[in-house]
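Enquirer: What follows is the file coords_10.txt, containing compact mmCIF, C-alpha atoms (C1' of nucleotides) and all ligand atoms:
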```txt
# COMPACT_ATOMS: atom_id res chain seq x y z
CA MET A 1 -2.84 0.43 1.04
CA LYS A 2 -2.04 3.79 -0.38
CA HIS A 3 -1.00 5.43 -3.61
CA SER A 4 2.58 6.48 -4.13
CA GLU A 5 3.32 10.14 -3.89
CA GLY A 6 4.42 10.29 -7.50
CA LEU A 7 0.93 9.53 -8.72
CA GLU A 8 -0.24 13.08 -8.15
CA TRP A 9 2.81 14.39 -9.98
CA ALA A 10 2.34 12.08 -12.94
CA ILE A 11 -1.33 12.86 -13.43
CA HIS A 12 -0.71 16.58 -13.13
CA SER A 13 2.08 16.35 -15.68
CA CYS A 14 -0.14 14.49 -18.13
CA SER A 15 -2.91 16.96 -17.52
CA LEU A 16 -0.57 19.82 -18.24
CA LEU A 17 0.62 18.23 -21.48
CA ALA A 18 -2.99 17.76 -22.51
CA ALA A 19 -3.76 21.40 -21.81
CA LEU A 20 -0.95 22.73 -23.98
CA PRO A 21 -1.04 22.69 -27.78
CA PRO A 22 -1.00 19.14 -29.19
CA GLY A 23 2.48 17.84 -29.83
CA THR A 24 4.08 19.97 -27.17
CA CYS A 25 7.17 18.49 -25.57
CA LEU A 26 8.20 19.36 -22.02
CA PRO A 27 11.48 18.20 -20.42
CA SER A 28 11.47 17.02 -16.83
CA LYS A 29 13.42 20.11 -15.86
CA LEU A 30 10.57 22.40 -16.87
CA LEU A 31 7.90 20.14 -15.37
CA ALA A 32 9.76 20.02 -12.07
CA GLU A 33 10.18 23.75 -12.04
CA PHE A 34 6.53 24.33 -12.83
CA PHE A 35 5.30 22.14 -9.97
CA ASP A 36 8.25 22.83 -7.66
CA LEU A 37 9.17 19.17 -7.40
CA PRO A 38 12.49 17.27 -7.25
CA GLU A 39 13.49 16.94 -10.89
CA ALA A 40 15.24 13.57 -10.77
CA TYR A 41 12.39 11.86 -8.99
CA LEU A 42 9.71 13.38 -11.17
CA ALA A 43 11.69 12.07 -14.13
CA LYS A 44 11.32 8.60 -12.63
CA GLN A 45 7.55 8.91 -12.74
CA MET A 46 7.69 10.09 -16.32
CA GLN A 47 9.84 7.10 -17.11
CA LYS A 48 7.12 4.82 -15.85
CA LEU A 49 4.58 6.63 -17.99
CA SER A 50 6.93 6.20 -20.92
CA GLN A 51 7.33 2.47 -20.31
CA ALA A 52 3.56 2.15 -20.15
CA GLY A 53 3.27 3.84 -23.51
CA ILE A 54 1.33 6.80 -22.18
CA VAL A 55 3.93 9.42 -23.04
CA GLU A 56 6.52 9.52 -25.78
CA THR A 57 10.02 10.84 -25.25
CA ARG A 58 12.31 12.90 -27.41
CA ARG A 59 15.92 13.07 -26.34
CA GLY A 60 18.35 15.83 -26.99
CA PRO A 61 17.84 19.58 -27.26
CA ARG A 62 14.20 20.70 -27.34
CA GLY A 63 13.19 17.18 -26.37
CA GLY A 64 11.13 16.00 -23.45
CA TYR A 65 7.85 14.24 -22.81
CA GLY A 66 4.69 14.42 -24.86
CA LEU A 67 1.43 12.50 -24.81
CA ALA A 68 1.56 9.36 -26.93
CA ARG A 69 -2.09 9.60 -27.95
CA PRO A 70 -5.10 11.91 -27.70
CA SER A 71 -6.05 12.74 -24.14
CA ALA A 72 -9.46 11.12 -24.58
CA ASP A 73 -7.67 7.80 -25.13
CA ILE A 74 -5.72 7.92 -21.87
CA THR A 75 -7.72 6.71 -18.91
CA LEU A 76 -7.12 7.42 -15.27
CA LEU A 77 -6.73 3.70 -14.70
CA GLN A 78 -3.90 3.53 -17.20
CA MET A 79 -2.01 6.29 -15.41
CA VAL A 80 -2.63 4.78 -11.97
CA GLU A 81 -1.44 1.37 -13.12
CA ALA A 82 1.60 2.86 -14.82
CA ILE A 83 2.73 4.50 -11.58
CA ASP A 84 1.48 2.17 -8.85
CA GLY A 85 1.56 -1.08 -10.77
CA ASP A 86 -1.24 -3.31 -11.95
CA ALA A 87 -0.82 -6.12 -9.43
CA GLN A 88 -3.81 -7.28 -7.46
CA HIS A 89 -4.00 -5.58 -4.09
CA PHE A 90 -4.91 -8.80 -2.33
CA ARG A 91 -2.53 -11.68 -2.70
CA CYS A 92 -3.78 -14.91 -1.23
CA THR A 93 -1.11 -17.14 0.25
CA GLU A 94 -3.42 -20.13 0.53
CA ILE A 95 -3.17 -20.47 4.27
CA ARG A 96 -6.28 -22.64 4.29
CA ARG A 97 -4.17 -25.42 2.82
CA CYS A 98 -1.59 -25.17 5.56
CA GLY A 99 -1.81 -26.18 9.18
CA PRO A 100 -2.80 -29.52 10.63
CA THR A 101 -6.16 -29.67 8.86
CA GLY A 102 -5.11 -29.00 5.28
CA VAL A 103 -5.84 -31.66 2.73
CA ALA A 104 -4.35 -32.46 -0.68
CA ASN A 105 -4.14 -29.59 -3.12
CA ARG A 106 -6.41 -31.19 -5.70
CA HIS A 107 -9.37 -30.65 -3.36
CA TYR A 108 -9.11 -26.87 -3.67
CA THR A 109 -10.55 -25.99 -7.02
CA ARG A 110 -11.09 -22.24 -7.00
CA PRO A 111 -10.35 -19.14 -4.92
CA CYS A 112 -12.49 -18.88 -1.81
CA GLY A 113 -15.18 -16.32 -1.04
CA ILE A 114 -12.74 -14.10 0.82
CA ALA A 115 -10.47 -13.71 -2.18
CA ARG A 116 -13.38 -13.44 -4.60
CA SER A 117 -15.04 -10.69 -2.57
CA LEU A 118 -11.88 -8.65 -2.21
CA TRP A 119 -11.11 -9.00 -5.91
CA LYS A 120 -14.64 -8.00 -6.82
CA ALA A 121 -14.22 -4.77 -4.85
CA GLU A 122 -10.94 -4.12 -6.65
CA ALA A 123 -12.72 -4.64 -9.95
CA ALA A 124 -15.32 -2.04 -9.02
CA TRP A 125 -12.51 0.37 -8.21
CA ARG A 126 -10.75 -0.22 -11.52
CA GLU A 127 -13.98 0.09 -13.42
CA GLU A 128 -14.60 3.49 -11.89
CA LEU A 129 -11.08 4.63 -12.74
CA ASN A 130 -11.54 3.44 -16.29
CA LYS A 131 -14.55 5.67 -16.78
CA VAL A 132 -12.45 8.82 -16.49
CA ASN A 133 -9.94 9.92 -19.10
CA LEU A 134 -7.46 12.76 -19.40
CA ALA A 135 -9.84 14.85 -21.47
CA ASP A 136 -12.43 14.62 -18.69
CA ILE A 137 -9.87 15.63 -16.11
CA ASN A 138 -8.87 18.62 -18.16
CA ARG A 139 -12.44 19.70 -18.68
CA MET A 140 -12.91 19.64 -14.92
CA GLY A 141 -9.59 21.36 -14.36
CA GLN A 142 -10.43 24.09 -16.83
CA ALA A 143 -13.59 24.83 -14.91
CA GLU A 144 -12.09 24.87 -11.46
CA THR A 145 -8.66 26.39 -11.92
CA PRO A 146 -8.55 30.05 -10.93
CA PRO A 147 -8.42 32.18 -14.10
CA GLU A 148 -5.52 34.11 -12.58
CA GLN A 149 -3.48 30.93 -12.54
CA ILE A 150 -4.31 29.94 -16.09
CA ALA A 151 -3.14 33.32 -17.36
CA LYS A 152 -0.03 33.18 -15.22
CA ALA A 153 0.85 29.71 -16.40
CA LEU A 154 0.38 30.47 -20.09
CA LYS A 155 2.64 33.49 -19.80
CA TRP A 156 5.24 31.49 -17.90
CA PHE A 157 5.40 28.79 -20.55
CA GLN A 158 5.57 31.30 -23.38
CA GLU A 159 8.60 32.92 -21.81
CA LYS A 160 10.26 29.64 -20.94
CA LEU A 161 9.76 27.97 -24.31
CA ALA A 162 10.63 31.09 -26.26
CA GLY A 163 13.73 31.83 -24.21
CA ALA A 164 15.10 28.37 -24.87
CA MET B 1 -1.02 -0.06 -3.24
CA LYS B 2 -1.51 -3.42 -1.65
CA HIS B 3 -3.08 -5.06 1.36
CA SER B 4 -0.93 -6.06 4.28
CA GLU B 5 -0.25 -9.74 4.66
CA GLY B 6 -2.06 -9.90 7.98
CA LEU B 7 -5.39 -9.16 6.32
CA GLU B 8 -5.75 -12.70 5.08
CA TRP B 9 -4.94 -14.04 8.53
CA ALA B 10 -7.40 -11.76 10.26
CA ILE B 11 -10.30 -12.56 7.97
CA HIS B 12 -9.64 -16.27 8.18
CA SER B 13 -9.54 -16.05 11.97
CA CYS B 14 -12.86 -14.22 12.09
CA SER B 15 -14.33 -16.69 9.66
CA LEU B 16 -13.20 -19.55 11.82
CA LEU B 17 -14.72 -18.01 14.93
CA ALA B 18 -17.96 -17.53 13.06
CA ALA B 19 -17.98 -21.17 11.99
CA LEU B 20 -17.56 -22.53 15.50
CA PRO B 21 -20.38 -22.55 18.08
CA PRO B 22 -21.39 -19.00 19.10
CA GLY B 23 -19.44 -17.70 22.06
CA THR B 24 -16.40 -19.83 21.34
CA CYS B 25 -13.12 -18.32 22.46
CA LEU B 26 -9.84 -19.16 20.74
CA PRO B 27 -6.43 -18.00 22.01
CA SER B 28 -3.84 -16.75 19.54
CA LYS B 29 -1.74 -19.84 20.21
CA LEU B 30 -4.45 -22.13 18.85
CA LEU B 31 -5.24 -19.84 15.92
CA ALA B 32 -1.58 -19.69 14.95
CA GLU B 33 -1.23 -23.44 15.19
CA PHE B 34 -4.35 -24.02 13.14
CA PHE B 35 -3.19 -21.80 10.29
CA ASP B 36 0.52 -22.47 10.75
CA LEU B 37 1.31 -18.79 11.25
CA PRO B 38 3.74 -16.89 13.51
CA GLU B 39 1.87 -16.57 16.78
CA ALA B 40 3.22 -13.21 17.93
CA TYR B 41 2.45 -11.46 14.68
CA LEU B 42 -0.97 -13.00 14.31
CA ALA B 43 -1.70 -11.74 17.83
CA LYS B 44 -0.89 -8.25 16.58
CA GLN B 45 -3.58 -8.56 13.93
CA MET B 46 -6.08 -9.81 16.48
CA GLN B 47 -5.23 -6.83 18.64
CA LYS B 48 -6.21 -4.54 15.80
CA LEU B 49 -9.50 -6.37 15.43
CA SER B 50 -10.02 -5.97 19.16
CA GLN B 51 -9.34 -2.24 19.06
CA ALA B 52 -11.82 -1.92 16.24
CA GLY B 53 -14.43 -3.64 18.33
CA ILE B 54 -14.80 -6.58 15.98
CA VAL B 55 -13.62 -9.23 18.44
CA GLU B 56 -13.86 -9.37 22.20
CA THR B 57 -11.09 -10.73 24.37
CA ARG B 58 -11.12 -12.86 27.45
CA ARG B 59 -7.90 -12.99 29.42
CA GLY B 60 -6.66 -15.78 31.57
CA PRO B 61 -7.05 -19.53 31.27
CA ARG B 62 -9.60 -20.66 28.68
CA GLY B 63 -9.61 -17.12 27.35
CA GLY B 64 -8.92 -15.89 23.85
CA TYR B 65 -10.72 -14.09 21.08
CA GLY B 66 -14.40 -14.26 20.20
CA LEU B 67 -16.62 -12.31 17.84
CA ALA B 68 -18.06 -9.19 19.43
CA ARG B 69 -21.33 -9.43 17.51
CA PRO B 70 -23.22 -11.75 15.16
CA SER B 71 -21.31 -12.54 12.02
CA ALA B 72 -24.00 -10.94 9.87
CA ASP B 73 -23.17 -7.61 11.55
CA ILE B 74 -19.46 -7.71 10.70
CA THR B 75 -18.73 -6.47 7.20
CA LEU B 76 -15.68 -7.14 5.09
CA LEU B 77 -15.02 -3.40 5.00
CA GLN B 78 -14.85 -3.27 8.78
CA MET B 79 -12.23 -5.99 8.87
CA VAL B 80 -10.21 -4.45 6.05
CA GLU B 81 -10.22 -1.05 7.71
CA ALA B 82 -9.31 -2.57 11.08
CA ILE B 83 -6.19 -4.16 9.62
CA ASP B 84 -5.12 -1.82 6.83
CA GLY B 85 -6.46 1.43 8.23
CA ASP B 86 -9.25 3.65 7.02
CA ALA B 87 -7.16 6.45 5.56
CA GLN B 88 -7.82 7.61 2.04
CA HIS B 89 -5.54 5.93 -0.46
CA PHE B 90 -4.91 9.14 -2.36
CA ARG B 91 -3.48 12.04 -0.40
CA CYS B 92 -3.34 15.26 -2.33
CA THR B 93 -0.42 17.52 -1.48
CA GLU B 94 -1.87 20.46 -3.36
CA ILE B 95 0.99 20.81 -5.78
CA ARG B 96 -1.17 22.95 -8.04
CA ARG B 97 -0.73 25.75 -5.51
CA CYS B 98 3.03 25.52 -5.59
CA GLY B 99 5.48 26.52 -8.26
CA PRO B 100 5.80 29.85 -10.02
CA THR B 101 2.20 29.99 -11.20
CA GLY B 102 0.36 29.31 -7.96
CA VAL B 103 -1.99 32.00 -6.71
CA ALA B 104 -3.40 32.81 -3.27
CA ASN B 105 -4.99 29.94 -1.42
CA ARG B 106 -8.42 31.51 -1.25
CA HIS B 107 -8.80 30.97 -4.99
CA TYR B 108 -8.83 27.20 -4.56
CA THR B 109 -12.24 26.32 -3.25
CA ARG B 110 -12.58 22.56 -3.61
CA PRO B 111 -10.58 19.46 -4.51
CA CYS B 112 -9.87 19.18 -8.21
CA GLY B 113 -11.20 16.61 -10.64
CA ILE B 114 -8.17 14.38 -10.19
CA ALA B 115 -8.72 14.01 -6.47
CA ARG B 116 -12.48 13.73 -6.85
CA SER B 117 -12.18 10.97 -9.45
CA LEU B 118 -9.71 8.96 -7.43
CA TRP B 119 -11.82 9.31 -4.30
CA LYS B 120 -14.93 8.29 -6.17
CA ALA B 121 -13.23 5.06 -7.23
CA GLU B 122 -12.22 4.43 -3.64
CA ALA B 123 -15.82 4.94 -2.61
CA ALA B 124 -16.98 2.33 -5.11
CA TRP B 125 -14.42 -0.06 -3.67
CA ARG B 126 -15.56 0.51 -0.09
CA GLU B 127 -19.17 0.19 -1.08
CA GLU B 128 -18.49 -3.20 -2.59
CA LEU B 129 -16.64 -4.34 0.52
CA ASN B 130 -19.52 -3.18 2.65
CA LYS B 131 -21.96 -5.41 0.84
CA VAL B 132 -20.28 -8.56 2.13
CA ASN B 133 -20.40 -9.69 5.74
CA LEU B 134 -18.87 -12.54 7.69
CA ALA B 135 -22.00 -14.63 7.43
CA ASP B 136 -21.82 -14.38 3.63
CA ILE B 137 -18.17 -15.37 3.69
CA ASN B 138 -18.91 -18.38 5.81
CA ARG B 139 -21.77 -19.47 3.61
CA MET B 140 -19.41 -19.38 0.66
CA GLY B 141 -16.70 -21.10 2.65
CA GLN B 142 -19.02 -23.85 3.77
CA ALA B 143 -19.86 -24.59 0.15
CA GLU B 144 -16.33 -24.60 -1.18
CA THR B 145 -14.27 -26.12 1.61
CA PRO B 146 -13.44 -29.78 0.97
CA PRO B 147 -15.63 -31.95 3.27
CA GLU B 148 -12.51 -33.84 4.28
CA GLN B 149 -11.06 -30.65 5.73
CA ILE B 150 -14.21 -29.71 7.62
CA ALA B 151 -14.27 -33.10 9.32
CA LYS B 152 -10.56 -32.93 10.05
CA ALA B 153 -10.84 -29.44 11.52
CA LEU B 154 -13.78 -30.27 13.75
CA LYS B 155 -11.98 -33.28 15.14
CA TRP B 156 -8.83 -31.22 15.71
CA PHE B 157 -10.64 -28.57 17.69
CA GLN B 158 -12.51 -31.12 19.75
CA GLU B 159 -9.26 -32.72 20.81
CA LYS B 160 -7.50 -29.44 21.43
CA LEU B 161 -10.27 -27.80 23.43
CA ALA B 162 -11.04 -30.96 25.40
CA GLY B 163 -7.41 -31.69 26.14
CA ALA B 164 -6.90 -28.22 27.60
C1' DC C 1 31.70 16.32 -35.97
C1' DT C 2 31.03 18.39 -31.61
C1' DA C 3 28.86 20.36 -27.87
C1' DT C 4 24.69 20.33 -25.56
C1' DT C 5 20.57 18.51 -23.99
C1' DT C 6 17.83 15.01 -22.15
C1' DC C 7 16.41 10.40 -20.97
C1' DG C 8 17.09 6.08 -18.33
C1' DG C 9 19.20 2.59 -15.60
C1' DA C 10 22.03 1.96 -11.46
C1' DT C 11 22.72 3.39 -6.96
C1' DA C 12 21.98 5.28 -2.26
C1' DT C 13 18.93 6.75 1.59
C1' DA C 14 14.59 6.99 4.26
C1' DT C 15 10.42 5.05 5.48
C1' DT C 16 7.36 1.44 6.27
C1' DA C 17 6.05 -3.33 6.82
C1' DT C 18 7.07 -7.59 8.92
C1' DA C 19 8.38 -10.31 12.81
C1' DT C 20 9.91 -11.11 17.56
C1' DC C 21 10.43 -10.44 22.42
C1' DC C 22 9.34 -9.25 27.14
C1' DG C 23 7.10 -7.30 31.31
C1' DC C 24 2.61 -6.22 33.00
C1' DA C 25 -2.29 -6.62 34.06
C1' DA C 26 -6.28 -9.32 34.13
C1' DT C 27 -8.54 -13.64 34.70
C1' DT C 28 -9.29 -18.24 36.10
C1' DA C 29 -8.63 -22.94 38.03
C1' DT C 30 -7.03 -25.14 41.98
C1' DA D 1 -4.09 -17.05 48.25
C1' DT D 2 -1.38 -19.00 44.56
C1' DA D 3 0.08 -20.43 40.26
C1' DA D 4 -0.89 -20.78 35.54
C1' DT D 5 -2.83 -18.80 31.48
C1' DT D 6 -3.74 -15.23 28.29
C1' DG D 7 -4.20 -10.59 26.04
C1' DC D 8 -1.99 -5.99 25.79
C1' DG D 9 1.39 -2.58 24.70
C1' DG D 10 5.93 -1.05 24.05
C1' DA D 11 10.67 -1.82 22.56
C1' DT D 12 13.39 -3.86 19.34
C1' DA D 13 15.31 -6.22 15.15
C1' DT D 14 15.01 -7.35 10.34
C1' DA D 15 13.13 -7.26 5.55
C1' DA D 16 10.91 -4.90 2.01
C1' DT D 17 9.57 -0.88 -0.28
C1' DA D 18 9.29 3.90 -1.35
C1' DT D 19 11.78 8.00 -1.99
C1' DA D 20 15.58 10.59 -3.81
C1' DT D 21 19.94 11.23 -6.31
C1' DC D 22 23.75 10.41 -9.55
C1' DC D 23 26.03 9.58 -13.84
C1' DG D 24 26.55 7.48 -18.37
C1' DA D 25 24.44 6.78 -22.93
C1' DA D 26 21.57 8.38 -26.61
C1' DA D 27 19.83 11.86 -29.55
C1' DT D 28 19.68 16.27 -31.61
C1' DA D 29 20.83 21.00 -33.29
C1' DG D 30 24.07 23.61 -35.36
S1 LIG A 201 -9.36 -19.58 1.67
FE1 LIG A 201 -9.35 -17.83 0.24
S2 LIG A 201 -8.10 -16.22 1.21
FE2 LIG A 201 -7.79 -18.12 2.35
S3 LIG A 201 -5.98 -18.97 1.48
FE3 LIG A 201 -7.67 -19.89 0.31
S4 LIG A 201 -8.10 -18.53 -1.45
FE4 LIG A 201 -6.73 -17.41 0.00
S1 LIG A 202 -5.19 19.89 -8.39
FE1 LIG A 202 -6.21 18.14 -7.39
S2 LIG A 202 -4.66 16.52 -7.18
FE2 LIG A 202 -3.63 18.44 -7.73
S3 LIG A 202 -3.00 19.29 -5.84
FE3 LIG A 202 -4.99 20.18 -6.24
S4 LIG A 202 -6.55 18.84 -5.32
FE4 LIG A 202 -4.57 17.71 -5.35
```
Translate this file's structure into structure tokens.
Ligand code: SF4
Ligand code: SF4
Expert:
Amino acid sequence: MKHSEGLEWAIHSCSLLAALPPGTCLPSKLLAEFFDLPEAYLAKQMQKLSQAGIVETRRGPRGGYGLARPSADITLLQMVEAIDGDAQHFRCTEIRRCGPTGVANRHYTRPCGIARSLWKAEAAWREELNKVNLADINRMGQAETPPEQIAKALKWFQEKLAGA
Amino acid sequence: MKHSEGLEWAIHSCSLLAALPPGTCLPSKLLAEFFDLPEAYLAKQMQKLSQAGIVETRRGPRGGYGLARPSADITLLQMVEAIDGDAQHFRCTEIRRCGPTGVANRHYTRPCGIARSLWKAEAAWREELNKVNLADINRMGQAETPPEQIAKALKWFQEKLAGA
DNA sequence: CTATTTCGGATATATTATATCCGCAATTAT
DNA sequence: ATAATTGCGGATATAATATATCCGAAATAG
């Protein structure tokens, strides 16, 4: 019952792409360097985002990853599900039907209250995640990131992208 | 991002204890037989419930597990946290501070919008789980369990507990 | 066309979850 | 007292998953 480590990386990468000029492409090498993360494994996370249709890829020189649509159209839920999967957290194995007191399958018509309650809580969680999109996250980030860092980062990218 | 398998077992066991006459004690051997589950591993789950103070234990002959308080005072959240732990699902590793553009720690005052949004969704999930208690679950179960199975189960327990 | 860049699937390793086993302590029935 | 029952905790074995890396194929710039 926990998120994979790559989730933080993926969301940060999306957030960064959303903060840069629209259409910007960043290769995994640059992303990894910027966040000081293992490049090959970060690329795996980006691959998942790509498969989910959240980012587009451009191969070859000056290629990389870019957002596939406006940041306001990318929800937190979409990113979470791209990285951690969209399977239900609770998987019922129907143990009530087993054991010496189980009866024929046709007598069980719908999921029990246990499963329904757990799934309802999951739904509340997903609903909350779906209320937040990348644009929201960037608005918040803009407000809370130290100005020193914003300046430093802009300069760093200018040098890196120009030098290439 | 998923519940452990034992969660279903643990909740079913609690539900069963709540359905039987108050004060009933069931040993892990009987529970495992009733649900057709591996006894040793089910016992591990019951141990967690015991450590969390949800069930009480009685050692020795005619001992076993019994609810530690009325079923209306045991919430679904308490059982979930007893089995799957109460740690936050999202653990931020503060990658924004790393890399070539990080600045001194004192400039970061509070968790960012990413972490806050994910934690807020978790809170909604926990809140929903906290609305449901064992008594609710049993009410639902009573209504949806095939009457044939209820009769069968009662008879089974009568024989088992009398025969012992 | 060719050299370079970059993604993406296949592969390896580490960590965690699942499952079992056994000795010990506590309790009870006889 | 004694023997039988039962939970507890640690040690262990196995299966599943998460983490990390490698290398070939695809795409592009020149
Ligand atoms: S009673 Fe509910 S949780 Fe249990 S096996 Fe059936 S659907 Fe699953
Ligand atoms: S910016 Fe947010 S998610 Fe990223 S490291 Fe900081 S607190 Fe964690």
Enquirer: Can you tell me which residues come within 6 Å of ligand LIG 201 (chain A) when counting only C-alpha atoms (C1' of nucleotides) and all ligand atoms, ideally as number ranges by chain?
Expert: A: 92-96, 111-112, 114-115; B: 8
Enquirer: When the cut-off is 12 Å and you count only C-alpha atoms (C1' of nucleotides) and all ligand atoms, which residues lie near ligand LIG 202 (chain A), shown as JSON, numbers by chain?
Expert: {"A": [5, 6, 7, 8, 9, 10, 11, 12, 13, 14, 15, 16, 35, 36, 137, 138, 140, 141, 142, 143, 144, 145, 146, 149], "B": [90, 91, 92, 93, 94, 95, 96, 97, 98, 99, 102, 105, 107, 108, 109, 110, 111, 112, 113, 114, 115, 116, 117, 118, 119]}
Enquirer: How about saving the chosen residues, C-alpha atoms kept, as a JSON list (two decimals), keeping the file's coordinate frame?
Expert:
```json
[["chain", "number", "residue", "atom", "x", "y", "z"],
["A", 5, "GLU", "CA", 3.32, 10.14, -3.89],
["A", 6, "GLY", "CA", 4.42, 10.29, -7.50],
["A", 7, "LEU", "CA", 0.93, 9.53, -8.72],
["A", 8, "GLU", "CA", -0.24, 13.08, -8.15],
["A", 9, "TRP", "CA", 2.81, 14.39, -9.98],
["A", 10, "ALA", "CA", 2.34, 12.08, -12.94],
["A", 11, "ILE", "CA", -1.33, 12.86, -13.43],
["A", 12, "HIS", "CA", -0.71, 16.58, -13.13],
["A", 13, "SER", "CA", 2.08, 16.35, -15.68],
["A", 14, "CYS", "CA", -0.14, 14.49, -18.13],
["A", 15, "SER", "CA", -2.91, 16.96, -17.52],
["A", 16, "LEU", "CA", -0.57, 19.82, -18.24],
["A", 35, "PHE", "CA", 5.30, 22.14, -9.97],
["A", 36, "ASP", "CA", 8.25, 22.83, -7.66],
["A", 137, "ILE", "CA", -9.87, 15.63, -16.11],
["A", 138, "ASN", "CA", -8.87, 18.62, -18.16],
["A", 140, "MET", "CA", -12.91, 19.64, -14.92],
["A", 141, "GLY", "CA", -9.59, 21.36, -14.36],
["A", 142, "GLN", "CA", -10.43, 24.09, -16.83],
["A", 143, "ALA", "CA", -13.59, 24.83, -14.91],
["A", 144, "GLU", "CA", -12.09, 24.87, -11.46],
["A", 145, "THR", "CA", -8.66, 26.39, -11.92],
["A", 146, "PRO", "CA", -8.55, 30.05, -10.93],
["A", 149, "GLN", "CA", -3.48, 30.93, -12.54],
["B", 90, "PHE", "CA", -4.91, 9.14, -2.36],
["B", 91, "ARG", "CA", -3.48, 12.04, -0.40],
["B", 92, "CYS", "CA", -3.34, 15.26, -2.33],
["B", 93, "THR", "CA", -0.42, 17.52, -1.48],
["B", 94, "GLU", "CA", -1.87, 20.46, -3.36],
["B", 95, "ILE", "CA", 0.99, 20.81, -5.78],
["B", 96, "ARG", "CA", -1.17, 22.95, -8.04],
["B", 97, "ARG", "CA", -0.73, 25.75, -5.51],
["B", 98, "CYS", "CA", 3.03, 25.52, -5.59],
["B", 99, "GLY", "CA", 5.48, 26.52, -8.26],
["B", 102, "GLY", "CA", 0.36, 29.31, -7.96],
["B", 105, "ASN", "CA", -4.99, 29.94, -1.42],
["B", 107, "HIS", "CA", -8.80, 30.97, -4.99],
["B", 108, "TYR", "CA", -8.83, 27.20, -4.56],
["B", 109, "THR", "CA", -12.24, 26.32, -3.25],
["B", 110, "ARG", "CA", -12.58, 22.56, -3.61],
["B", 111, "PRO", "CA", -10.58, 19.46, -4.51],
["B", 112, "CYS", "CA", -9.87, 19.18, -8.21],
["B", 113, "GLY", "CA", -11.20, 16.61, -10.64],
["B", 114, "ILE", "CA", -8.17, 14.38, -10.19],
["B", 115, "ALA", "CA", -8.72, 14.01, -6.47],
["B", 116, "ARG", "CA", -12.48, 13.73, -6.85],
["B", 117, "SER", "CA", -12.18, 10.97, -9.45],
["B", 118, "LEU", "CA", -9.71, 8.96, -7.43],
["B", 119, "TRP", "CA", -11.82, 9.31, -4.30]]
```
Enquirer: Could you list, as a PDB file with C-alpha atoms (C1' of nucleotides), in the coordinates of the input, the residues of chain C having an atom within 7 Å of chain A when counting all atoms listed in the file?
Expert:
```pdb
ATOM      1  C1'  DT C   5      20.570  18.510 -23.990  1.00  0.00           C
ATOM      2  C1'  DT C   6      17.830  15.010 -22.150  1.00  0.00           C
ATOM      3  C1'  DC C   7      16.410  10.400 -20.970  1.00  0.00           C
TER       4       DC C   7
END
```
Enquirer: For chain D, which residues have at least one atom within 12 Å of chain A, if we go by all atoms listed in the file? Write them as a ChimeraX atom specification, please.
Expert: /D:17-23,25-30
Enquirer: List the neighbours of range 154-158 of chain A out to 12 Å using only C-alpha atoms (C1' of nucleotides); skip same-chain residues closer than 2 positions along the sequence, and give me the result as a list of chain:residue names.
Expert: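 The contact residues come out as A:Leu16, A:Leu17, A:Ala19, A:Leu20, A:Pro21, A:Thr24, A:Cys25, A:Leu26, A:Leu30, A:Leu31, A:Glu33, A:Phe34, A:Pro147, A:Glu148, A:Gln149, A:Ile150, A:Ala151, A:Lys152, A:Lys160, A:Leu161, A:Ala162, A:Gly163, A:Ala164, B:Gly99, B:Pro100, B:Thr101, B:Gly102.
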Enquirer: Would you save the residues of that selection, restricted to C-alpha atoms, as a compact mmCIF listing (two decimals), keeping the file's coordinate frame?
Expert:
```txt
# COMPACT_ATOMS: atom_id res chain seq x y z
CA LEU A 16 -0.57 19.82 -18.24
CA LEU A 17 0.62 18.23 -21.48
CA ALA A 19 -3.76 21.40 -21.81
CA LEU A 20 -0.95 22.73 -23.98
CA PRO A 21 -1.04 22.69 -27.78
CA THR A 24 4.08 19.97 -27.17
CA CYS A 25 7.17 18.49 -25.57
CA LEU A 26 8.20 19.36 -22.02
CA LEU A 30 10.57 22.40 -16.87
CA LEU A 31 7.90 20.14 -15.37
CA GLU A 33 10.18 23.75 -12.04
CA PHE A 34 6.53 24.33 -12.83
CA PRO A 147 -8.42 32.18 -14.10
CA GLU A 148 -5.52 34.11 -12.58
CA GLN A 149 -3.48 30.93 -12.54
CA ILE A 150 -4.31 29.94 -16.09
CA ALA A 151 -3.14 33.32 -17.36
CA LYS A 152 -0.03 33.18 -15.22
CA LYS A 160 10.26 29.64 -20.94
CA LEU A 161 9.76 27.97 -24.31
CA ALA A 162 10.63 31.09 -26.26
CA GLY A 163 13.73 31.83 -24.21
CA ALA A 164 15.10 28.37 -24.87
CA GLY B 99 5.48 26.52 -8.26
CA PRO B 100 5.80 29.85 -10.02
CA THR B 101 2.20 29.99 -11.20
CA GLY B 102 0.36 29.31 -7.96
```
Enquirer: Closest to chain A among B:Gln45, B:Gln78, B:Ala18, B:Asp84, using all atoms listed in the file?
Expert: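 Ranking B:Gln45, B:Gln78, B:Ala18, B:Asp84 by distance to chain A, first place goes to B:Asp84.
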Enquirer: Rounded to one decimal, what separation in Å do you get between CA of Glu122 in chain B and CA of Arg126 in chain A?
Expert: 9.3 Å
Enquirer: Considering all atoms listed in the file, can you say which of A:Lys48, A:Lys2, A:Lys120, A:Arg139 comes closest to chain B?
Expert: A:Lys2
Enquirer: Interatomic distance between CA of Asp86 in chain A and CA of Ala123 in chain B?
Expert: 19.2 Å
Enquirer: When distances are computed from all atoms listed in the file, which of B:Asp136, B:Glu128, B:Glu159, B:Glu81 shows the smallest separation from chain A?
Expert: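 Result for the nearest residue to chain A: B:Glu128.
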Enquirer: Considering all atoms listed in the file, state which residue in the set A:Ala68, A:Ala135, A:Ala124, A:Ile74 is at the smallest distance from chain B.
Expert: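 So, comparing all the options, the nearest one is A:Ala124.
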